[in-house]
Structure formats: structure tokens, C-alpha cells
Amino acid sequence: MDRVIRYFKNDILKHIIYIGVFWILIGFVLYPAFNTFLSSLKSQDGLTLKYYKDFFSNKNNITVVVNTIKLGLATVLVCGVIGTGLAFYVNYFDFKYNNIINKLLLTPIMIPGVIIVIAFIQLYGESGLITSTIELLFNLDKHPYSFKGFYGILFIHAYTQYVYFYLNVSVSIGYIDYSTIEAAKNLGASKLKIFTSVILPTITPALATSSILTFMSGIGSFSAPNLLGHNYKVLSTQILLAKTNNYMEIASVQVMILLFTGLVFLTLLRHYERSTKIEMSVKGKAIRPVKIKDPKKRKIYMALAGFVILTIILPILTIFLLSFVKPGTWMINIYPKEFGFDNYMKIFTKSRVFAPFKNSISMSLWATFFSLVLGVPCAYIINKTKFKAKGILELLVILPWAMPASTIAINMINGFNKPNIFVGNNILVGTYILLPLAYFVGIIPLMVKTTGVSLNNLNNTLIDASKTLGASWKNTFKKIIIPIISPGIIAGAVLGFIRCVGEYTTSALLYGVANKPISIAMVNALYEFEIGLSMAYGVLIIVITSILASLMMKLRR
Amino acid sequence: MGEVLLKNIRKIYGNKEVLKDITLKINKGEFFTFLGPSGCGKTTLLRIIAGLEIHQKGKVYLKGEDISHLSAEKRKVGMVFQNYALFPNMTVFENIAYGLKLKGVNKKKIKNKVKSYLNLVNLSGYDNRNITQLSGGEQQRVALARSVITEPEVLLLDEPLSNLDARLRDKMRLEIKELQKKLGITTIFVTHDQSEALSMSDKIAIFNMGNCMQVGAPVDIYRNPKNSFVAKFVGETNLYDVNISNNDAIINENIILKLKDGKKGNHISIRPQDIMIYRKKKNLVNEFKVNILDIQFNGATIEYICKLKNIKVKIWVLNNTFNHNAFNNGENVFIHLPKESINVL
């Protein structure tokens, strides 16, 4: 009997936490998604497939779906080639600037997509700085290239999304056991054979994982298609159109198709990923970077390094430079001529202009806070307990990963446009909190994953040791677990915050007068020809994310 | 310091019974070892005593008090883990002081006590070092100091020497034993290494597949193993299946060994160092002509593998000036298996 009493006494808090995390995940992830599904089927006469039939009977809609898938696949292909190539370029050759190049190559992860799109338009758009320079240099009457439509979007995707391949392949190159390469050489294998039989199998899982991430962000991408797409329509932009015209059923159908496409790709690649997973040898010898001795090859390598650095730095420099352009002075000239601090003064002195900046910071803080409250216990339950329903919990936690940002936004509208029990029978549509909640849903997987990695590295015997030294569960959590896993938690929180602070897609679908975020203000400023102001907003975000990122790196060390 | 009594302990994981009705008594101040192969249940039993595992049946008593239902932090049991489990976010001082701080001991007392325990484990001046700056042996000492500073009733050691290299292991054996003597603390030591168990323990319990096979003093267990598992696991031995009739042990129906009176069983065990090997026949009881199949040089001893009809016999001879190079491979020699050295199991 006393064993039963002890069980309940010890476990009451545990049960409260279990109920709490399920309540939040069901309420903010599953229930809204289910409502979108219902909304795509519900008509006045009950459940129907009418909206799906209507959707697929229109040729334009089919083009949109095909465009989306085509864009997703092309993004995977282009980013795969660039990211993998760069990973080998940096990790395979011994070159003294590799460290700087490596850091530079990771910067696109720190800059919100919408800022990069705007910077690219300023560089390569019809009246962009590079485009105009080429025209001037070669005395051309026409634009030398068209930076819009499919290729324009793909160009931006290549720039912003190669990072997934670069990062994962770089890590897996570290796992290549050099002695297996030596063994293959010893057995008479050619260089090509060594690549196909030793190196490729080792990096295949990384390629599969990166393909999933890139495809998902490719089909869900919104800022590039919205600002550069012109006639090239994709599902995410059509969702905004349907929502703006208040065709929520159509938006729901489009969301379901986008979700389905993502899930199919995810399932196929997960299956492939599992079947190709190989065990690494226990005691491997790390790969040795190769020194380039031939001076000609060294020059080519240097030139390539210069090109990579320039390509990455140019958009960032453009953002900084244009942020100082005086308002109304750069209309006709090819290059801006008058510079000053006016845009920054405007942001920090006019409350209306400052509001989007303040909103983004506070909403991102809220979203990060929610993700901490939910993410840390979830990661703990998944990684450190024998809780029976943890499989379901894990599924709920990674579900937002399969949902592009526009999907999450429509789900939030469908879930909270009527009173529901999960939020105390309130309606959240039209309130300030809906957008931070949508941001929060988007970063749940990230938070749980990063915390989970730290928890996995936390040896269980440390917890046991603390207990045998007389520490209660609360003390062990406070003095041992939290301090040890805090770098992981902080990394998750920083990355989550960075993702929220410049978020554009969900914002475009959910923002209101009270919570207009900085990304929307940037695009609006661009449309109102206040390029300097738009870029000044961008600089503020880049400065904040860079400071946070370097803090995170310091803590990790 | 208290005595530990384990009464009818049973532990089941899923369908597997990992501890089958274990009853053991560990006396006050004793150095008691749980010895057995991996997966035999010895660590599980240690963790049950610590309160880190919940057992299905049976009771754990400490100083006569039933502590079965107390959680780990309330048991007054110190433990050193296989990987030491030092907190990486704390210095050496903070690690050792951790238990005292939790008890609410005042800062000055903590400082003095930690200093004296650092001294006790020969780590004076290491207070502010990070755990990562310590060698394996130093980490081991910090773990030891941390587990005994709170003056627990029992000290549990879970294979604490397995991560150290051979030389350091020998050194730490002595240090642990010395510390235990100095503090007079009841100690339970888990290991799979028989030489560690034999050299350090007052008493040993041998485990296999969730059962306790034998409990006794090291010499007793080595000389008089109760069954074939213990004979094989503790020390090297020659173990044969036999039929016994009229004080004769018959191996493979063609080798007959004379036994001491009244012994019954299905196996016999004889240690390699108990067998005599020589060239000239002496007409002794249990004397056989054998052929040397293989000679292995092991440093202090020389091992001869001999063929006796269709069985193999292992013999150890001390490698001193007289025995060095005494016999050759392929040579026919005589061996003598004294009756007194034959254990019937």
C-alpha cells in the first residue's frame, strides 16, 4: 500500500506535466491542423469532396501544384550540388582561409529569407546595382538577364538553402574513416571507385536528410515567389491570395495539398534514409585535408574562394550600404549618392516606424518563451523517460516540421476562429497573441531537437550520482541537468528567436494592426520606394541575430 | 557504519528474471564483493541497494531498518560509478562539497571537511581544477571523496577500476582498500575481475544468471568452489565430467582418478598449479604418462598443455631458475594429480 502511495506522491507532478504537454500539442498543433482538414471537406450540406474536385478541375490550379513540386525538386538539385560541392571544398582541402570561408558559408542561416530576397532585388533586379553596372559597362539597351519567375526564385533558393547540404555533408565528411580509404587504395581501387564505394555511402544519409529539409523549405517558400514570382505561381502564394479573398475552403484545400506533398516526400526519403544508414567504425581515423601543391591549382582554388566570399558578402554589404541612403534621393540615378543616418533616426524617433521592430522582438521573445516551456519537458520525456506514449509525443512534436509556414498560418486561423476549449473558449483570430503562437508552433521541432541532443549527451549516471548524494529530484534538475544541458537549450532558443524575428510567411497571413512585424514593414517600405528604411530594418535584424549567434557560439565552446 | 541485509530480492525486467530470490548479509565494516560475468545481475543488485532500481519482491535492510521503500536520496548510501559520474559543470571542490551543501552544512565546515578529504585521497591543492583537467586516477579519487564525505552507512563501488590502465588499477586497488580500512566503512564492490575480488575482499558473493552461486572468504572460494561455475570463473582450473563409483572418478570411461573418501558429484576440478610434472616415473597414486602439446611462457609461470589419452590437462610451473626450459614440446613426461587437490563438484 505504501508503495502505491509513494508512487502517486512522487508522480503527481510528472502526470501534471504529461497532461500539460499533450494539452498544448493537441491544442496548438493537431487540433488546428484537423480543423483545416475539416474546413477543406465541410460544406453547408455536410462533408464533401467538392472543393477538391473544383480545385483539380481547374487547369491553372494543376499548374500551381506542378510548379510547386518542380520548384521543390529543382531547389533540392541545385542546393545539393552547391552545398555538397562547398562542403568538400572546405573540408577536403587544406587551406588557411578555410575557417573564415566556413563561417561565411553559414551566414545565410542567420539572415531571414525576406531580407535576402530584397537585397537580391537591389542587386540583380531590373534596376539592381549589378544589372545596371553590366548594362553601363557593355552599353546594353536591354536587361542582360531576367531576375524573376522560376529562375529568379531558384537563384534565391540556391543562395539561402544550400546551407542544409553544406552543414550536414560537412559533418558526415568528419565521419569518413580515413583508414577505409587507405584500405580501398591498398586493394587497388581507383579514385572514382573510392568515391562511389567509400565516400558516397558515408555521406548518403546526410544527403537524404538535407534533401528532406530543402524540399520542405522549397515547396513552402513564400517570400521569393511572392516578391519575384510574377507569373510563376506556387501553392504558398495562392494560399495567401485565397485567404485575402476570404476563400478559406480553397485555402484549406491548398494547404492540405501542400501538406500531403511534403509528407509524401518526407516518408519516401525517411524510408530511403533508414535503408541506407550505415554504422560507423568504432575507432576511425579522421580524414586528412589534402594540401594543394600545384601553384596553378592553388590559384584556381584561391579564385574560387574569392568568388564564394564575394557572393556571400555582396548582399550583406548591399543591405548595410543602402540602409544609409537618404530618403527620396535615389529615384533616377543608377547608384545612390546621398547617405546619412536618416533611416535609423526615423526608426528610433517615430513610434509608428519603431513599432514593427518592437513588435517583432516582443513576439519572437514570446514564441521562444513558449517553445522553452513546452520544448524542454518534451525533450526530457522523449529522451530520458520510459513514458509509454512517448512515440505519440514525438510524432506530435515533429509534425510542424512537415507543415510549411503558410500551412501553420491557415491552421491557426481555422483552429482559433471560433471558441475552443484549449484556450479557455476564446477566439484568438484578430488578437495580438495569434501570430506569436504561430511562430511558436513553427519552432517546436527545433527546440525539442536541440535540447534532445544535449540531453542525449547527458549521462544518466550523473542523475543517479546526484540522487545517491542526497539530492531531491528538484535539486538534481536545477543543479545538474539544467546547467549541463543549458548550452543546447540556449542554442535552440537563439535559433528559434532568429527564425521568428524576421519571419515573413506566417506574418503575411496573420498580422494585424496591433502586431505588424518588421518583415511586413520592410516589404511595405520597399513598395513605397523607401528602400533605405527597408534596409535599415534589415540591418537591425542582422545585427541582433549576429550578436545572438556569436553569443551562442561562445557558450557552446 | 551499518550492516546490510538483503532478503529474498527478486527483480524482473519484462519477461526476464534478472535476480532470483537473493538473500545476503553484509557485516558492518566488511569489504564485500559481488563477482560475476556481465549480465549476471550484480550491478542491478547494487543499484537496488542504492535505491536506483525498484525490485519486485524482497526487502533491503540497513542497520536493521527496512529501507526498501526509501528513495535513493534518503538512503545514506554512497556510490562510486563505473564512469565516476563527476559533474562536468563543477570544479573538484564543488563536486566533493555537493552532498554536504544539500545537507545544509555551513560553508566554513564544508571548506574544512572538503580540504581534509582531498588530503585523504592525496589530491590536496586540486580544489579549483576542472574535472576535464584530471587524469583517470584523479577522477577516481574525486569520486571516492565525494561519495564518502557525507559519511554514508554503506559505500557502493560499481566496477570503479574498469576504466583504468593495468598499472593504475593495481595502485588504486591498494588505495581503495586503505581508505576503506581507515574509514571502517561497510563497502560493497562490484566487479567481473576475479583477481580484483580475490585481492581486495573480506568476502565474495559469486553471481551467475541472477543467482548467487556461493558466498565466502576469497581463499575458501578459490580452494573449495561449490560448483563447476565457481570453479571455472574464479581462477584457472582443469574441469572434467566424471562418473564416480567407489571413490574412483572415471573420465571418458578410460581415465581413473582416486579420490579422497566419500566425495560425490558429476565434475572434478583441479587447479593447474596443483599438478606435478616430472620426467621419471614415481609410481604415485593418480600418476599418468602424458605428451606435451604446447608450452606457453606467461612471465612468472610456464603453462604446459598436455595430452592424457583423449583429454587435455593444463599445468602451471613456477618460472624460476630451476624450472626454466625444463621440458620440451612433444616430450613424454609424467604428471601427478594429488587426491587432496581434487575438488568434486
# chains A, B, ... in the order shown; residues from 1 in each chain; ligands from 1
$ closest_atom_pairs --of "chain A" --to "chain B" --cutoff "8 Å" --atoms "only C-alpha atoms" --output "Markdown table"
| residue | atom | partner | partner_atom | distance |
| --- | --- | --- | --- | --- |
| A:Asp2 | CA | B:His69 | CA | 8.0 |
| A:Arg3 | CA | B:His69 | CA | 6.7 |
| A:Asn459 | CA | B:Ala85 | CA | 7.8 |
| A:Thr461 | CA | B:Ala85 | CA | 5.7 |
| A:Leu462 | CA | B:Ala85 | CA | 4.9 |
| A:Asp464 | CA | B:Leu52 | CA | 6.8 |
| A:Ala465 | CA | B:Ala85 | CA | 6.4 |
| A:Lys467 | CA | B:Glu73 | CA | 4.8 |
| A:Thr468 | CA | B:Glu73 | CA | 5.1 |
| A:Leu469 | CA | B:Gly99 | CA | 5.0 |
| A:Gly470 | CA | B:Glu73 | CA | 3.9 |
| A:Ala471 | CA | B:Glu73 | CA | 5.6 |
| A:Ser472 | CA | B:Glu73 | CA | 6.3 |
| A:Ile480 | CA | B:Phe87 | CA | 7.1 |
| A:Pro483 | CA | B:Asn89 | CA | 6.8 |
| A:Ile484 | CA | B:Asn89 | CA | 6.4 |
$ select_by_dssp --residues "stretch 95-308 of chain A" --states "alpha helix (DSSP H)" --output "PyMOL selection string"
chain A and resi 98-105+113-124+129-138+149-175+178-186+191-194+200-220+223-228+235-244+248-276+295-308
$ closest_residue --among "A:Thr133, A:Ser170, A:Pro377, A:Gln254" --to "A:Leu13" --atoms "only C-alpha atoms"
A:Pro377
$ select_by_dssp --residues "stretch 93-312 of chain A" --states "strand (DSSP E)" --output "list in words"
Phe93, Asp94, Val290 and Lys291 of chain A
$ residues_around --residues "A:Val234" --least-positions-apart "6" --cutoff "12 Å" --atoms "only C-alpha atoms" --output "VMD selection string"
chain A and resid 60 to 72 149 to 150 153 218 to 226 228 240 to 241 254 to 255 257 to 258 406
$ write_last_selection --atoms "C-alpha atoms" --output "PDB file, in the first residue's frame"
ATOM      1  CA  ASN A  60      -4.394  26.747 -63.554  1.00  0.00           C
ATOM      2  CA  ASN A  61      -4.536  25.062 -60.181  1.00  0.00           C
ATOM      3  CA  ILE A  62      -2.832  21.962 -61.550  1.00  0.00           C
ATOM      4  CA  THR A  63      -0.114  24.211 -62.968  1.00  0.00           C
ATOM      5  CA  VAL A  64       0.317  25.708 -59.486  1.00  0.00           C
ATOM      6  CA  VAL A  65       0.747  22.250 -57.927  1.00  0.00           C
ATOM      7  CA  VAL A  66       3.183  21.188 -60.667  1.00  0.00           C
ATOM      8  CA  ASN A  67       5.076  24.484 -60.270  1.00  0.00           C
ATOM      9  CA  THR A  68       5.384  23.897 -56.528  1.00  0.00           C
ATOM     10  CA  ILE A  69       6.721  20.358 -56.904  1.00  0.00           C
ATOM     11  CA  LYS A  70       9.028  21.427 -59.747  1.00  0.00           C
ATOM     12  CA  LEU A  71      10.404  24.243 -57.608  1.00  0.00           C
ATOM     13  CA  GLY A  72      10.900  21.883 -54.654  1.00  0.00           C
ATOM     14  CA  GLY A 149       9.972  33.880 -62.327  1.00  0.00           C
ATOM     15  CA  PHE A 150      11.210  30.323 -61.833  1.00  0.00           C
ATOM     16  CA  ILE A 153      13.208  32.129 -57.239  1.00  0.00           C
ATOM     17  CA  GLY A 218      11.495  24.830 -51.207  1.00  0.00           C
ATOM     18  CA  ILE A 219       7.801  23.987 -51.528  1.00  0.00           C
ATOM     19  CA  GLY A 220       6.875  26.146 -48.546  1.00  0.00           C
ATOM     20  CA  SER A 221       8.957  29.152 -49.599  1.00  0.00           C
ATOM     21  CA  PHE A 222       6.916  32.306 -49.762  1.00  0.00           C
ATOM     22  CA  SER A 223       8.998  35.474 -49.812  1.00  0.00           C
ATOM     23  CA  ALA A 224      10.884  34.668 -53.031  1.00  0.00           C
ATOM     24  CA  PRO A 225       7.797  33.558 -55.040  1.00  0.00           C
ATOM     25  CA  ASN A 226       5.792  36.456 -53.634  1.00  0.00           C
ATOM     26  CA  LEU A 228       9.907  37.675 -57.581  1.00  0.00           C
ATOM     27  CA  LEU A 240      -2.330  33.987 -49.306  1.00  0.00           C
ATOM     28  CA  LEU A 241      -4.483  35.027 -52.271  1.00  0.00           C
ATOM     29  CA  GLN A 254      -4.348  24.183 -50.979  1.00  0.00           C
ATOM     30  CA  VAL A 255      -2.874  23.719 -47.506  1.00  0.00           C
ATOM     31  CA  ILE A 257      -2.243  19.506 -50.901  1.00  0.00           C
ATOM     32  CA  LEU A 258       0.933  21.259 -49.766  1.00  0.00           C
ATOM     33  CA  SER A 406       1.663  29.069 -44.736  1.00  0.00           C
TER      34      SER A 406
END
$ residues_around --residues "A:Tyr439" --least-positions-apart "2" --cutoff "10 Å" --atoms "only C-alpha atoms" --output "PDB file with N, CA and C atoms, in the first residue's frame"
ATOM      1  N   MET A 363       7.215  39.660 -29.977  1.00  0.00           N
ATOM      2  CA  MET A 363       6.523  38.424 -30.392  1.00  0.00           C
ATOM      3  C   MET A 363       7.496  37.251 -30.466  1.00  0.00           C
ATOM      4  N   SER A 364       8.732  37.523 -30.932  1.00  0.00           N
ATOM      5  CA  SER A 364       9.724  36.443 -31.015  1.00  0.00           C
ATOM      6  C   SER A 364      10.120  35.981 -29.622  1.00  0.00           C
ATOM      7  N   TRP A 366       8.163  36.043 -27.003  1.00  0.00           N
ATOM      8  CA  TRP A 366       7.045  35.225 -26.525  1.00  0.00           C
ATOM      9  C   TRP A 366       7.116  33.811 -27.107  1.00  0.00           C
ATOM     10  N   ALA A 367       7.318  33.753 -28.443  1.00  0.00           N
ATOM     11  CA  ALA A 367       7.351  32.449 -29.103  1.00  0.00           C
ATOM     12  C   ALA A 367       8.482  31.593 -28.537  1.00  0.00           C
ATOM     13  N   THR A 368       9.644  32.234 -28.304  1.00  0.00           N
ATOM     14  CA  THR A 368      10.793  31.496 -27.764  1.00  0.00           C
ATOM     15  C   THR A 368      10.483  31.007 -26.347  1.00  0.00           C
ATOM     16  N   PHE A 370       7.477  30.366 -25.065  1.00  0.00           N
ATOM     17  CA  PHE A 370       6.533  29.227 -25.157  1.00  0.00           C
ATOM     18  C   PHE A 370       7.274  27.955 -25.563  1.00  0.00           C
ATOM     19  N   SER A 371       8.202  28.103 -26.526  1.00  0.00           N
ATOM     20  CA  SER A 371       8.886  26.907 -27.020  1.00  0.00           C
ATOM     21  C   SER A 371       9.790  26.305 -25.947  1.00  0.00           C
ATOM     22  N   ALA A 405       5.243  27.124 -43.492  1.00  0.00           N
ATOM     23  CA  ALA A 405       4.753  28.234 -42.661  1.00  0.00           C
ATOM     24  C   ALA A 405       3.332  28.658 -43.032  1.00  0.00           C
ATOM     25  N   ILE A 408       0.866  26.374 -41.387  1.00  0.00           N
ATOM     26  CA  ILE A 408       0.690  26.662 -39.959  1.00  0.00           C
ATOM     27  C   ILE A 408      -0.255  27.863 -39.792  1.00  0.00           C
ATOM     28  N   ALA A 409      -0.063  28.892 -40.623  1.00  0.00           N
ATOM     29  CA  ALA A 409      -0.899  30.094 -40.502  1.00  0.00           C
ATOM     30  C   ALA A 409      -2.376  29.773 -40.752  1.00  0.00           C
ATOM     31  N   LEU A 434      -2.064  35.624 -31.575  1.00  0.00           N
ATOM     32  CA  LEU A 434      -2.143  34.551 -32.574  1.00  0.00           C
ATOM     33  C   LEU A 434      -0.835  34.395 -33.360  1.00  0.00           C
ATOM     34  N   LEU A 435      -0.239  35.524 -33.760  1.00  0.00           N
ATOM     35  CA  LEU A 435       0.998  35.447 -34.548  1.00  0.00           C
ATOM     36  C   LEU A 435       2.162  34.854 -33.742  1.00  0.00           C
ATOM     37  N   PRO A 436       2.423  35.334 -32.508  1.00  0.00           N
ATOM     38  CA  PRO A 436       3.486  34.661 -31.736  1.00  0.00           C
ATOM     39  C   PRO A 436       3.212  33.187 -31.510  1.00  0.00           C
ATOM     40  N   LEU A 437       1.935  32.834 -31.372  1.00  0.00           N
ATOM     41  CA  LEU A 437       1.616  31.411 -31.194  1.00  0.00           C
ATOM     42  C   LEU A 437       1.969  30.622 -32.458  1.00  0.00           C
ATOM     43  N   VAL A 441       4.571  27.504 -32.815  1.00  0.00           N
ATOM     44  CA  VAL A 441       4.315  26.178 -33.404  1.00  0.00           C
ATOM     45  C   VAL A 441       5.437  25.831 -34.397  1.00  0.00           C
ATOM     46  N   GLY A 442       5.857  26.833 -35.165  1.00  0.00           N
ATOM     47  CA  GLY A 442       6.889  26.603 -36.176  1.00  0.00           C
ATOM     48  C   GLY A 442       8.236  26.200 -35.593  1.00  0.00           C
ATOM     49  N   ILE A 443       8.535  26.665 -34.368  1.00  0.00           N
ATOM     50  CA  ILE A 443       9.877  26.361 -33.830  1.00  0.00           C
ATOM     51  C   ILE A 443       9.872  25.233 -32.799  1.00  0.00           C
ATOM     52  N   ILE A 444       8.724  24.597 -32.586  1.00  0.00           N
ATOM     53  CA  ILE A 444       8.682  23.484 -31.611  1.00  0.00           C
ATOM     54  C   ILE A 444       9.713  22.386 -31.971  1.00  0.00           C
ATOM     55  N   GLY A 496      15.652  29.604 -32.554  1.00  0.00           N
ATOM     56  CA  GLY A 496      14.207  29.818 -32.634  1.00  0.00           C
ATOM     57  C   GLY A 496      13.889  31.303 -32.746  1.00  0.00           C
ATOM     58  N   PHE A 497      14.534  32.101 -31.910  1.00  0.00           N
ATOM     59  CA  PHE A 497      14.312  33.545 -31.910  1.00  0.00           C
ATOM     60  C   PHE A 497      14.694  34.130 -33.277  1.00  0.00           C
ATOM     61  N   ARG A 499      14.764  32.688 -36.096  1.00  0.00           N
ATOM     62  CA  ARG A 499      13.806  32.303 -37.121  1.00  0.00           C
ATOM     63  C   ARG A 499      12.528  33.142 -37.042  1.00  0.00           C
ATOM     64  N   CYS A 500      12.129  33.490 -35.818  1.00  0.00           N
ATOM     65  CA  CYS A 500      10.884  34.248 -35.644  1.00  0.00           C
ATOM     66  C   CYS A 500      11.053  35.726 -36.007  1.00  0.00           C
ATOM     67  N   VAL A 501      12.222  36.283 -35.665  1.00  0.00           N
ATOM     68  CA  VAL A 501      12.350  37.728 -35.691  1.00  0.00           C
ATOM     69  C   VAL A 501      12.225  38.324 -37.112  1.00  0.00           C
ATOM     70  N   GLU A 503      10.572  36.489 -39.593  1.00  0.00           N
ATOM     71  CA  GLU A 503       9.629  35.604 -40.267  1.00  0.00           C
ATOM     72  C   GLU A 503       8.650  36.407 -41.135  1.00  0.00           C
ATOM     73  N   THR A 506       4.203  33.382 -42.287  1.00  0.00           N
ATOM     74  CA  THR A 506       3.106  33.342 -41.314  1.00  0.00           C
ATOM     75  C   THR A 506       2.640  34.768 -41.021  1.00  0.00           C
ATOM     76  N   SER A 507       3.625  35.670 -40.930  1.00  0.00           N
ATOM     77  CA  SER A 507       3.299  37.056 -40.619  1.00  0.00           C
ATOM     78  C   SER A 507       2.360  37.644 -41.666  1.00  0.00           C
TER      79      SER A 507
END
